[in-house]
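Just work15.txt here, compact mmCIF, C-alpha atoms and all ligand atoms:
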```
# COMPACT_ATOMS: atom_id res chain seq x y z
CA MET M 7 23.86 31.10 -9.70
CA GLU M 8 23.52 29.93 -6.09
CA GLU M 9 26.00 27.17 -5.17
CA LYS M 10 25.52 26.02 -1.59
CA ALA M 11 27.80 23.40 -0.04
CA TYR M 12 26.56 20.48 2.06
CA ASP M 13 28.05 17.44 3.77
CA LEU M 14 25.41 15.27 2.17
CA ILE M 15 22.85 15.61 -0.61
CA ILE M 16 20.05 13.07 -0.67
CA ALA M 17 18.53 12.75 -4.14
CA GLY M 18 14.91 11.63 -3.75
CA ALA M 19 12.19 12.37 -1.20
CA GLY M 20 10.52 8.95 -0.96
CA PRO M 21 10.71 6.62 2.06
CA ALA M 22 14.42 5.88 1.35
CA GLY M 23 15.49 9.52 0.96
CA LEU M 24 13.37 10.83 3.84
CA THR M 25 14.56 8.13 6.23
CA ALA M 26 18.16 8.85 5.22
CA ALA M 27 17.37 12.49 6.07
CA VAL M 28 16.04 11.55 9.52
CA TYR M 29 19.29 9.73 10.28
CA ALA M 30 21.41 12.53 8.79
CA GLY M 31 19.53 14.99 10.98
CA ARG M 32 20.15 12.91 14.08
CA TYR M 33 23.87 12.79 13.14
CA LEU M 34 23.79 16.62 12.88
CA LEU M 35 25.02 16.46 9.29
CA ASN M 36 24.61 19.51 7.09
CA ALA M 37 22.31 17.69 4.69
CA LEU M 38 19.82 18.59 1.96
CA VAL M 39 17.06 16.52 0.38
CA ILE M 40 16.23 17.22 -3.27
CA GLY M 41 13.14 15.37 -4.47
CA GLU M 42 10.42 16.29 -6.92
CA LEU M 43 7.58 14.41 -5.24
CA GLU M 44 7.41 14.53 -1.44
CA GLY M 45 6.82 10.99 -0.17
CA GLY M 46 7.65 9.42 -3.55
CA MET M 47 5.55 6.45 -4.66
CA ILE M 48 4.14 5.76 -1.21
CA SER M 49 2.28 9.07 -1.36
CA GLU M 50 0.12 7.38 -4.04
CA ALA M 51 -0.83 4.37 -1.89
CA SER M 52 -4.50 4.53 -0.93
CA GLU M 53 -3.91 2.30 2.10
CA VAL M 54 -0.67 1.07 3.66
CA CYS M 55 -1.16 -1.85 6.08
CA ASN M 56 2.37 -3.22 6.28
CA PHE M 57 4.44 -0.33 7.58
CA PRO M 58 5.27 -1.26 11.20
CA SER M 59 3.38 0.68 13.88
CA TYR M 60 0.44 1.52 11.57
CA GLU M 61 -2.33 -1.04 11.16
CA SER M 62 -3.63 1.14 8.35
CA ILE M 63 -2.55 4.56 7.12
CA THR M 64 -2.98 6.39 3.83
CA GLY M 65 0.14 7.07 1.79
CA ILE M 66 -0.54 10.79 2.08
CA GLU M 67 -0.70 10.62 5.91
CA LEU M 68 2.51 8.58 6.06
CA THR M 69 4.20 11.13 3.79
CA LYS M 70 3.07 14.04 5.98
CA LYS M 71 4.46 12.34 9.09
CA LEU M 72 7.81 11.60 7.41
CA VAL M 73 8.16 15.12 6.02
CA LYS M 74 7.30 16.62 9.42
CA GLN M 75 9.92 14.45 11.11
CA VAL M 76 12.60 15.44 8.58
CA LYS M 77 11.80 19.16 8.90
CA SER M 78 11.75 18.94 12.72
CA LEU M 79 15.40 17.90 12.50
CA GLY M 80 16.27 21.06 10.57
CA ILE M 81 16.70 19.39 7.18
CA GLU M 82 15.36 21.20 4.17
CA ILE M 83 13.54 19.44 1.34
CA LYS M 84 13.79 21.15 -2.04
CA GLN M 85 11.16 20.08 -4.57
CA GLU M 86 13.44 20.44 -7.57
CA ARG M 87 14.38 18.17 -10.45
CA ILE M 88 18.00 17.01 -10.51
CA ILE M 89 19.32 17.19 -14.03
CA GLU M 90 22.95 16.31 -13.53
CA ILE M 91 25.38 15.06 -10.88
CA LYS M 92 29.11 15.44 -11.57
CA LYS M 93 32.06 14.31 -9.50
CA ASN M 94 34.92 16.78 -9.31
CA LYS M 95 36.75 17.26 -6.01
CA GLU M 96 33.28 17.27 -4.45
CA PHE M 97 29.97 16.40 -6.07
CA GLU M 98 28.13 19.06 -8.06
CA VAL M 99 24.37 18.64 -8.23
CA LYS M 100 22.56 20.68 -10.87
CA THR M 101 18.78 21.05 -10.65
CA ASN M 102 16.22 22.91 -12.77
CA ILE M 103 16.60 25.80 -10.30
CA SER M 104 20.12 25.83 -8.89
CA THR M 105 23.45 24.11 -8.34
CA TYR M 106 24.62 22.59 -5.05
CA ARG M 107 27.83 20.97 -3.83
CA ALA M 108 28.22 18.03 -1.45
CA LYS M 109 30.90 15.73 -0.05
CA LYS M 110 28.65 12.68 -0.31
CA ILE M 111 25.55 11.70 -2.28
CA ILE M 112 22.76 9.28 -1.50
CA LEU M 113 20.80 8.31 -4.61
CA ALA M 114 17.22 7.40 -3.67
CA THR M 115 15.39 8.31 -6.86
CA GLY M 116 13.21 5.19 -6.92
CA THR M 117 11.17 4.19 -9.92
CA LYS M 118 8.75 5.50 -12.55
CA LYS M 119 5.44 4.02 -13.72
CA ARG M 120 5.76 1.72 -16.73
CA LYS M 121 3.80 2.85 -19.80
CA LEU M 122 1.56 0.63 -21.91
CA ASN M 123 2.75 2.34 -25.11
CA ILE M 124 -0.56 1.92 -26.91
CA LYS M 125 -2.62 4.23 -29.08
CA GLY M 126 -4.59 6.73 -26.99
CA GLU M 127 -2.44 6.44 -23.84
CA LYS M 128 -0.53 9.68 -24.35
CA GLU M 129 -3.40 11.54 -26.05
CA PHE M 130 -5.84 10.97 -23.18
CA LEU M 131 -3.43 11.45 -20.27
CA GLY M 132 -5.34 13.64 -17.80
CA LYS M 133 -8.49 13.14 -19.92
CA GLY M 134 -9.38 9.76 -18.47
CA VAL M 135 -5.96 8.06 -18.51
CA SER M 136 -4.21 8.09 -15.12
CA TYR M 137 -1.26 6.45 -13.37
CA CYS M 138 -2.49 7.36 -9.87
CA ALA M 139 -5.80 6.11 -8.50
CA THR M 140 -5.23 7.85 -5.17
CA CYS M 141 -4.94 11.18 -6.97
CA ASP M 142 -7.81 10.75 -9.45
CA ALA M 143 -10.34 8.17 -8.16
CA ALA M 144 -12.75 10.81 -6.85
CA PHE M 145 -13.24 12.20 -10.39
CA PHE M 146 -14.93 8.93 -11.44
CA LYS M 147 -18.02 8.94 -9.21
CA ASP M 148 -20.71 6.68 -10.77
CA LYS M 149 -18.52 6.14 -13.86
CA VAL M 150 -17.09 2.97 -15.43
CA VAL M 151 -13.32 2.53 -15.27
CA ALA M 152 -10.70 -0.05 -16.21
CA VAL M 153 -7.53 -0.80 -14.26
CA VAL M 154 -4.71 -2.45 -16.18
CA GLY M 155 -2.41 -4.84 -14.28
CA GLY M 156 -2.46 -7.59 -11.66
CA SER M 157 -0.06 -6.48 -8.93
CA ASP M 158 -0.79 -5.10 -5.44
CA ALA M 159 -0.81 -1.61 -6.95
CA ALA M 160 -3.43 -2.61 -9.57
CA LEU M 161 -5.69 -4.39 -7.08
CA THR M 162 -5.53 -1.62 -4.47
CA ALA M 163 -6.27 0.90 -7.24
CA ALA M 164 -9.36 -1.15 -8.24
CA LEU M 165 -10.53 -1.37 -4.62
CA LEU M 166 -10.18 2.36 -4.15
CA LEU M 167 -11.92 3.11 -7.45
CA SER M 168 -14.83 0.84 -6.48
CA GLU M 169 -15.62 3.30 -3.67
CA TYR M 170 -16.49 5.90 -6.33
CA ALA M 171 -17.12 4.23 -9.69
CA LYS M 172 -20.19 2.10 -10.43
CA LYS M 173 -18.11 -0.52 -12.26
CA VAL M 174 -14.40 -1.39 -12.30
CA TYR M 175 -12.85 -3.79 -14.82
CA ILE M 176 -9.39 -5.18 -14.13
CA VAL M 177 -7.70 -6.01 -17.42
CA TYR M 178 -4.91 -8.50 -16.76
CA ARG M 179 -2.85 -10.45 -19.25
CA ARG M 180 -2.48 -13.59 -17.06
CA GLU M 181 -5.07 -16.28 -16.26
CA ARG M 182 -5.31 -15.36 -12.53
CA PHE M 183 -3.87 -12.97 -9.95
CA PHE M 184 -0.73 -14.58 -8.58
CA ARG M 185 1.56 -11.63 -7.95
CA ALA M 186 -0.63 -9.74 -5.49
CA GLU M 187 -0.95 -10.24 -1.74
CA PRO M 188 -3.68 -12.82 -0.95
CA THR M 189 -5.47 -10.25 1.26
CA TRP M 190 -5.97 -7.90 -1.71
CA ILE M 191 -7.03 -10.76 -4.00
CA LYS M 192 -9.69 -11.83 -1.48
CA ARG M 193 -11.04 -8.28 -1.18
CA VAL M 194 -11.20 -7.92 -4.97
CA GLU M 195 -13.00 -11.27 -5.33
CA GLU M 196 -15.56 -10.24 -2.72
CA ASN M 197 -16.21 -6.86 -4.33
CA LYS M 198 -19.34 -6.96 -6.52
CA LYS M 199 -18.40 -3.82 -8.47
CA ILE M 200 -15.08 -5.29 -9.68
CA GLU M 201 -14.91 -7.59 -12.70
CA PRO M 202 -11.52 -9.08 -13.61
CA LEU M 203 -10.94 -9.74 -17.32
CA PHE M 204 -8.14 -12.32 -17.40
CA ASN M 205 -6.02 -13.27 -20.42
CA SER M 206 -6.73 -9.80 -21.79
CA ASN M 207 -4.70 -6.83 -23.00
CA ILE M 208 -5.80 -3.37 -24.04
CA LYS M 209 -4.90 -2.66 -27.67
CA GLU M 210 -6.23 0.88 -27.90
CA ILE M 211 -7.85 3.63 -25.81
CA LYS M 212 -10.49 5.50 -27.82
CA GLY M 213 -12.46 8.72 -27.41
CA SER M 214 -13.01 12.20 -28.78
CA ASN M 215 -12.11 14.82 -26.14
CA LYS M 216 -11.82 12.25 -23.36
CA VAL M 217 -11.69 8.48 -22.90
CA GLU M 218 -14.83 6.73 -24.14
CA SER M 219 -13.82 3.11 -24.67
CA ILE M 220 -11.05 0.51 -24.69
CA VAL M 221 -10.41 -2.12 -27.32
CA LEU M 222 -9.21 -5.48 -26.05
CA ASP M 223 -6.97 -7.85 -28.00
CA SER M 224 -10.01 -10.14 -28.43
CA GLY M 225 -11.50 -7.33 -30.53
CA GLU M 226 -14.16 -6.54 -27.91
CA GLU M 227 -14.75 -2.83 -27.27
CA LEU M 228 -15.85 -1.79 -23.76
CA SER M 229 -17.33 1.60 -22.88
CA VAL M 230 -15.29 3.18 -20.05
CA ASP M 231 -14.73 6.70 -18.74
CA GLY M 232 -11.29 6.11 -17.28
CA VAL M 233 -8.22 3.89 -17.62
CA PHE M 234 -5.82 3.45 -14.69
CA ILE M 235 -2.48 1.96 -15.72
CA GLU M 236 -0.67 -0.06 -13.02
CA ILE M 237 1.62 -2.40 -14.93
CA GLY M 238 4.75 -2.02 -12.87
CA LEU M 239 7.71 0.24 -12.49
CA VAL M 240 11.00 1.01 -14.18
CA SER M 241 13.99 2.34 -12.27
CA SER M 242 14.98 6.01 -12.60
CA THR M 243 18.60 5.41 -13.56
CA GLU M 244 19.48 8.59 -15.52
CA LEU M 245 21.65 9.95 -12.66
CA ALA M 246 23.22 6.55 -11.98
CA GLU M 247 24.13 6.29 -15.65
CA GLN M 248 25.73 9.76 -15.62
CA LEU M 249 27.91 8.64 -12.71
CA LYS M 250 28.65 5.33 -14.49
CA LEU M 251 27.51 3.28 -11.48
CA GLU M 252 27.42 -0.49 -11.74
CA LEU M 253 23.87 -1.61 -12.55
CA ASP M 254 22.14 -4.96 -12.38
CA ASP M 255 19.23 -5.21 -14.83
CA GLY M 256 18.73 -1.42 -14.54
CA TYR M 257 19.04 -1.26 -10.73
CA ILE M 258 22.03 0.08 -8.77
CA VAL M 259 24.32 -2.53 -7.21
CA THR M 260 25.30 -1.76 -3.61
CA ASP M 261 27.21 -3.51 -0.86
CA ARG M 262 25.73 -4.03 2.62
CA HIS M 263 26.76 -0.48 3.59
CA GLN M 264 24.72 0.82 0.60
CA ARG M 265 27.95 1.93 -1.11
CA THR M 266 27.82 1.97 -4.91
CA SER M 267 30.69 1.28 -7.30
CA LEU M 268 31.67 5.01 -7.13
CA PRO M 269 33.30 6.15 -3.84
CA GLY M 270 31.22 8.81 -2.09
CA VAL M 271 27.94 7.74 -3.73
CA PHE M 272 25.47 5.59 -1.77
CA ALA M 273 22.12 4.28 -3.00
CA ALA M 274 18.96 3.23 -1.20
CA GLY M 275 15.44 2.03 -1.90
CA ASP M 276 13.68 0.95 -5.08
CA ILE M 277 16.50 2.28 -7.27
CA THR M 278 18.77 -0.50 -5.93
CA ASN M 279 18.70 -4.20 -6.77
CA ASN M 280 16.95 -4.86 -3.44
CA PRO M 281 14.56 -7.79 -4.06
CA LEU M 282 11.63 -6.44 -1.97
CA LYS M 283 10.51 -3.06 -3.29
CA GLN M 284 8.53 -1.73 -0.35
CA ALA M 285 8.51 1.32 1.90
CA ILE M 286 9.97 -0.50 4.88
CA THR M 287 12.96 -1.92 2.95
CA ALA M 288 13.54 1.46 1.25
CA ALA M 289 13.50 3.16 4.66
CA ALA M 290 15.90 0.58 6.11
CA GLN M 291 18.35 1.05 3.25
CA GLY M 292 18.07 4.83 3.63
CA ALA M 293 19.05 4.50 7.28
CA VAL M 294 22.07 2.35 6.43
CA ALA M 295 23.15 4.72 3.63
CA ALA M 296 23.02 7.75 5.95
CA ALA M 297 24.97 5.91 8.66
CA SER M 298 27.63 4.89 6.10
CA ALA M 299 27.89 8.43 4.70
CA TYR M 300 28.20 9.78 8.24
CA GLU M 301 31.03 7.35 9.04
CA GLU M 302 32.95 8.50 5.94
CA ILE M 303 32.31 12.23 6.55
CA LYS M 304 33.24 11.94 10.24
CA GLY M 305 36.44 10.10 9.29
CA LYS M 306 37.50 13.09 7.21
CA LYS M 307 36.48 15.85 9.61
C1 LIG Z 401 0.10 2.65 -5.70
C2 LIG Z 401 1.22 2.11 -4.84
C3 LIG Z 401 0.92 1.50 -3.64
C4 LIG Z 401 1.96 1.02 -2.82
N1 LIG Z 401 1.64 0.44 -1.62
C5 LIG Z 401 2.63 0.06 -0.78
C6 LIG Z 401 2.32 -0.48 0.51
O1 LIG Z 401 1.15 -0.63 0.89
N2 LIG Z 401 3.36 -0.82 1.32
C7 LIG Z 401 4.67 -0.66 0.95
O2 LIG Z 401 5.56 -0.95 1.75
N3 LIG Z 401 4.99 -0.19 -0.27
C8 LIG Z 401 4.00 0.17 -1.14
N4 LIG Z 401 4.32 0.66 -2.39
C9 LIG Z 401 5.74 0.66 -2.79
C10 LIG Z 401 6.47 1.86 -2.16
O3 LIG Z 401 5.75 3.04 -2.46
C11 LIG Z 401 7.90 1.94 -2.69
O4 LIG Z 401 8.56 0.72 -2.46
C12 LIG Z 401 8.67 3.06 -2.00
O5 LIG Z 401 8.01 4.30 -2.17
C13 LIG Z 401 10.10 3.15 -2.54
O6 LIG Z 401 10.71 4.24 -1.92
P1 LIG Z 401 11.97 5.00 -2.56
O7 LIG Z 401 12.26 6.11 -1.63
O8 LIG Z 401 13.03 4.03 -2.86
O9 LIG Z 401 11.50 5.55 -3.98
P2 LIG Z 401 10.25 6.42 -4.42
O10 LIG Z 401 9.14 6.33 -3.44
O11 LIG Z 401 9.99 6.05 -5.83
O12 LIG Z 401 10.78 7.93 -4.36
C14 LIG Z 401 11.68 8.44 -5.32
C15 LIG Z 401 11.89 9.91 -5.07
O13 LIG Z 401 12.89 10.39 -5.97
C16 LIG Z 401 12.40 11.55 -6.65
N5 LIG Z 401 13.11 11.68 -7.93
C17 LIG Z 401 13.28 10.77 -8.94
N6 LIG Z 401 14.06 11.29 -9.90
C18 LIG Z 401 14.38 12.55 -9.49
C19 LIG Z 401 15.16 13.59 -10.04
N7 LIG Z 401 15.80 13.46 -11.21
N8 LIG Z 401 15.26 14.76 -9.37
C20 LIG Z 401 14.64 14.94 -8.18
N9 LIG Z 401 13.90 13.96 -7.60
C21 LIG Z 401 13.77 12.80 -8.25
C22 LIG Z 401 10.91 11.32 -6.72
O14 LIG Z 401 10.22 12.53 -6.98
C23 LIG Z 401 10.67 10.79 -5.30
O15 LIG Z 401 10.66 11.84 -4.37
C24 LIG Z 401 3.32 1.15 -3.23
C25 LIG Z 401 3.61 1.76 -4.46
C26 LIG Z 401 2.58 2.24 -5.26
C27 LIG Z 401 2.90 2.90 -6.58
```
Rewrite the coordinates I just gave you, this time as structure tokens.
Ligand SMILES: Cc1cc2nc3c(=O)[nH]c(=O)nc-3n(C[C@H](O)[C@H](O)[C@H](O)COP(=O)(O)OP(=O)(O)OC[C@H]3O[C@@H](n4cnc5c(N)ncnc54)[C@H](O)[C@@H]3O)c2cc1C
Amino acid sequence: MEEKAYDLIIAGAGPAGLTAAVYAGRYLLNALVIGELEGGMISEASEVCNFPSYESITGIELTKKLVKQVKSLGIEIKQERIIEIKKNKEFEVKTNISTYRAKKIILATGTKKRKLNIKGEKEFLGKGVSYCATCDAAFFKDKVVAVVGGSDAALTAALLLSEYAKKVYIVYRRERFFRAEPTWIKRVEENKKIEPLFNSNIKEIKGSNKVESIVLDSGEELSVDGVFIEIGLVSSTELAEQLKLELDDGYIVTDRHQRTSLPGVFAAGDITNNPLKQAITAAAQGAVAAASAYEEIKGKK
């Protein structure tokens, strides 16, 4: 089995990992990015209006620009799944394809979509149930869909879906939207195709071969063709747990140099206990992590 050695392996190809790679490239480090989904979560954003220098850009465009910048610096991105990271003399990173070695690791594996865990959710995944409006909205032209959640991600999903679907319900357990940015709330309120259903939860997703209806906790059954679940994120801590890193409520604890509790391992982005989980803060932490790793590698060269 191939076992290539690097100065630095960056686990994760979202804004944190890719920005770390840009800095590593500028420092001329022999670095590798391993990330399953190029662009990470931001690749799913239909519209990003708060990343400095872009008044408005799609998540896919932003991803393409980041990936291009990383590759222009000679850094390779491997779309592989990391299964295990072990610390011996150096770090050994095992993926579904190969094994790599590195002096330092930056963990930037972000978060995963939270599941509703209700009847029908698993059965109808890909048959009307989706966790990505950007990926699937176009399949629901002139259909009726429901979005579950009340965050920015839920509201932007509903706005995007309203461009295709004839009707979009937002099923939200609270009495009003208070978590989302006021700009998104205003746009949802002004949109005639969107109907929020407050103080509501979905109990079951029903259908035969595909989604046909949802049952609310009030007992009401609504005919829908699609259900988009946007109820938040949970951190991807499997690798952090293997390395026995200090966690805070499931998120990696770092110091201001992005060092974790294990020497040689840095962490950046949504996987950390950073209070603002956004692309810009993930990118900033990625930059700091790469600079810190560089300082330690340079010190030993
Ligand atoms: C729909 C939506 C809209 C959003 N809109 C905005 C917005 O407008 N503005 C904004 O600033 N932020 C927005 N965000 C939030 C933003 O996307 C995140 O804060 C940001 O992507 C976090 O970056 P990250 O690099 O820390 O993690 P992520 O983007 O989550 O990337 C994690 C990376 O790690 C990889 N990975 C995880 N586990 C493994 C493994 N075991 N092996 C290999 N690879 C692995 C993933 O494939 C991915 O490449 C939005 C998020 C969503 C879901």
Check every protein, DNA and RNA residue against ligand LIG 401 (chain Z), keep those with an atom at most 7 Å away (counting all atoms listed in the file), and present them as a PyMOL selection string. chain M and resi 17-23+40-48+50-57+86-89+114-118+138+159+163+242+245+274-277+283-286+288
Using only C-alpha atoms, please write the residues we just selected to a file, as an mmCIF file, in the frame of the given file.
```
data_model
loop_
_atom_site.group_PDB
_atom_site.id
_atom_site.type_symbol
_atom_site.label_atom_id
_atom_site.label_comp_id
_atom_site.auth_asym_id
_atom_site.auth_seq_id
_atom_site.Cartn_x
_atom_site.Cartn_y
_atom_site.Cartn_z
ATOM 1 C CA ALA M 17 18.530 12.750 -4.140
ATOM 2 C CA GLY M 18 14.910 11.630 -3.750
ATOM 3 C CA ALA M 19 12.190 12.370 -1.200
ATOM 4 C CA GLY M 20 10.520 8.950 -0.960
ATOM 5 C CA PRO M 21 10.710 6.620 2.060
ATOM 6 C CA ALA M 22 14.420 5.880 1.350
ATOM 7 C CA GLY M 23 15.490 9.520 0.960
ATOM 8 C CA ILE M 40 16.230 17.220 -3.270
ATOM 9 C CA GLY M 41 13.140 15.370 -4.470
ATOM 10 C CA GLU M 42 10.420 16.290 -6.920
ATOM 11 C CA LEU M 43 7.580 14.410 -5.240
ATOM 12 C CA GLU M 44 7.410 14.530 -1.440
ATOM 13 C CA GLY M 45 6.820 10.990 -0.170
ATOM 14 C CA GLY M 46 7.650 9.420 -3.550
ATOM 15 C CA MET M 47 5.550 6.450 -4.660
ATOM 16 C CA ILE M 48 4.140 5.760 -1.210
ATOM 17 C CA GLU M 50 0.120 7.380 -4.040
ATOM 18 C CA ALA M 51 -0.830 4.370 -1.890
ATOM 19 C CA SER M 52 -4.500 4.530 -0.930
ATOM 20 C CA GLU M 53 -3.910 2.300 2.100
ATOM 21 C CA VAL M 54 -0.670 1.070 3.660
ATOM 22 C CA CYS M 55 -1.160 -1.850 6.080
ATOM 23 C CA ASN M 56 2.370 -3.220 6.280
ATOM 24 C CA PHE M 57 4.440 -0.330 7.580
ATOM 25 C CA GLU M 86 13.440 20.440 -7.570
ATOM 26 C CA ARG M 87 14.380 18.170 -10.450
ATOM 27 C CA ILE M 88 18.000 17.010 -10.510
ATOM 28 C CA ILE M 89 19.320 17.190 -14.030
ATOM 29 C CA ALA M 114 17.220 7.400 -3.670
ATOM 30 C CA THR M 115 15.390 8.310 -6.860
ATOM 31 C CA GLY M 116 13.210 5.190 -6.920
ATOM 32 C CA THR M 117 11.170 4.190 -9.920
ATOM 33 C CA LYS M 118 8.750 5.500 -12.550
ATOM 34 C CA CYS M 138 -2.490 7.360 -9.870
ATOM 35 C CA ALA M 159 -0.810 -1.610 -6.950
ATOM 36 C CA ALA M 163 -6.270 0.900 -7.240
ATOM 37 C CA SER M 242 14.980 6.010 -12.600
ATOM 38 C CA LEU M 245 21.650 9.950 -12.660
ATOM 39 C CA ALA M 274 18.960 3.230 -1.200
ATOM 40 C CA GLY M 275 15.440 2.030 -1.900
ATOM 41 C CA ASP M 276 13.680 0.950 -5.080
ATOM 42 C CA ILE M 277 16.500 2.280 -7.270
ATOM 43 C CA LYS M 283 10.510 -3.060 -3.290
ATOM 44 C CA GLN M 284 8.530 -1.730 -0.350
ATOM 45 C CA ALA M 285 8.510 1.320 1.900
ATOM 46 C CA ILE M 286 9.970 -0.500 4.880
ATOM 47 C CA ALA M 288 13.540 1.460 1.250
#
```
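Proximity ranking of M:Asp223, M:His263, M:Asn279, M:Leu249 relative to Asn94 of chain M places M:Leu249 first, based on all atoms listed in the file.
A straight line drawn from atom CA of Thr189 of chain M to atom CA of Leu165 of chain M is 11.8 Å long.
Minimum atom-to-atom distances from M:Lys212, M:Glu90, M:Thr101, M:Gly232 to Lys149 of chain M were compared using only C-alpha atoms, and the lowest value belongs to M:Gly232.
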Rounded to one decimal place, report the atom CA of Trp190 of chain M-atom CA of Leu228 of chain M distance in Å. 24.9 Å
Exercise: Ser224 of chain M partners within 10 Å, all atoms listed in the file, chain neighbours under 6 positions left out, as a PyMOL selection string: chain M and resi 205-209
Would you put the residues from that selection into a file with C-alpha atoms, as a tab-separated table (two decimals), keeping the file's coordinate frame?
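Final file, part_19.tsv:
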```tsv
chain	number	residue	atom	x	y	z
M	205	ASN	CA	-6.02	-13.27	-20.42
M	206	SER	CA	-6.73	-9.80	-21.79
M	207	ASN	CA	-4.70	-6.83	-23.00
M	208	ILE	CA	-5.80	-3.37	-24.04
M	209	LYS	CA	-4.90	-2.66	-27.67
```
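A straight line drawn from atom CA of Val259 of chain M to atom CA of Thr278 of chain M is 6.0 Å long.
Distance check against Leu131 of chain M using all atoms listed in the file: of M:Val217, M:Ala186, M:Ala143, M:Leu251, the minimum falls on M:Val217.
Of the listed residues M:Asp158, M:Glu187, M:Asp255, M:Asp231, the one whose atoms come nearest to Val174 of chain M is M:Asp231, with distances taken using all atoms listed in the file.
With all atoms listed in the file as the atoms that count, the minimum distance from Thr243 of chain M to the choices M:Gln85, M:Ala11, M:Leu113, M:Val154 is reached by M:Leu113.
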Can you tell me which residues surround Arg185 of chain M at a distance of at most 10 Å, considering all atoms listed in the file, apart from same-chain residues fewer than 3 positions away, and format the answer as a compact mmCIF listing (two decimals) with C-alpha atoms, keeping the file's coordinate frame?
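Final output, selection09.txt:
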```txt
# COMPACT_ATOMS: atom_id res chain seq x y z
CA GLY M 156 -2.46 -7.59 -11.66
CA SER M 157 -0.06 -6.48 -8.93
CA ASP M 158 -0.79 -5.10 -5.44
CA ARG M 182 -5.31 -15.36 -12.53
CA PRO M 188 -3.68 -12.82 -0.95
CA ILE M 191 -7.03 -10.76 -4.00
```
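Residue nearest Lys77 of chain M within the list M:Gly126, M:Val39, M:Ser136, M:Ala297: M:Val39 [criterion: smallest interatomic distance, only C-alpha atoms].
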Would you list the contacts of Phe146 of chain M as a PyMOL selection string, taking every protein, DNA or RNA residue within 12 Å and counting all atoms listed in the file, but skipping same-chain residues closer than 5 positions in sequence? chain M and resi 133-136+139-141+151-152+164+166-174+217+230-234
If you keep C-alpha atoms, can you produce a file of those selected residues as a PDB file, keeping the file's coordinate frame?
```pdb
ATOM      1  CA  LYS M 133      -8.490  13.140 -19.920  1.00  0.00           C
ATOM      2  CA  GLY M 134      -9.380   9.760 -18.470  1.00  0.00           C
ATOM      3  CA  VAL M 135      -5.960   8.060 -18.510  1.00  0.00           C
ATOM      4  CA  SER M 136      -4.210   8.090 -15.120  1.00  0.00           C
ATOM      5  CA  ALA M 139      -5.800   6.110  -8.500  1.00  0.00           C
ATOM      6  CA  THR M 140      -5.230   7.850  -5.170  1.00  0.00           C
ATOM      7  CA  CYS M 141      -4.940  11.180  -6.970  1.00  0.00           C
ATOM      8  CA  VAL M 151     -13.320   2.530 -15.270  1.00  0.00           C
ATOM      9  CA  ALA M 152     -10.700  -0.050 -16.210  1.00  0.00           C
ATOM     10  CA  ALA M 164      -9.360  -1.150  -8.240  1.00  0.00           C
ATOM     11  CA  LEU M 166     -10.180   2.360  -4.150  1.00  0.00           C
ATOM     12  CA  LEU M 167     -11.920   3.110  -7.450  1.00  0.00           C
ATOM     13  CA  SER M 168     -14.830   0.840  -6.480  1.00  0.00           C
ATOM     14  CA  GLU M 169     -15.620   3.300  -3.670  1.00  0.00           C
ATOM     15  CA  TYR M 170     -16.490   5.900  -6.330  1.00  0.00           C
ATOM     16  CA  ALA M 171     -17.120   4.230  -9.690  1.00  0.00           C
ATOM     17  CA  LYS M 172     -20.190   2.100 -10.430  1.00  0.00           C
ATOM     18  CA  LYS M 173     -18.110  -0.520 -12.260  1.00  0.00           C
ATOM     19  CA  VAL M 174     -14.400  -1.390 -12.300  1.00  0.00           C
ATOM     20  CA  VAL M 217     -11.690   8.480 -22.900  1.00  0.00           C
ATOM     21  CA  VAL M 230     -15.290   3.180 -20.050  1.00  0.00           C
ATOM     22  CA  ASP M 231     -14.730   6.700 -18.740  1.00  0.00           C
ATOM     23  CA  GLY M 232     -11.290   6.110 -17.280  1.00  0.00           C
ATOM     24  CA  VAL M 233      -8.220   3.890 -17.620  1.00  0.00           C
ATOM     25  CA  PHE M 234      -5.820   3.450 -14.690  1.00  0.00           C
TER      26      PHE M 234
END
```
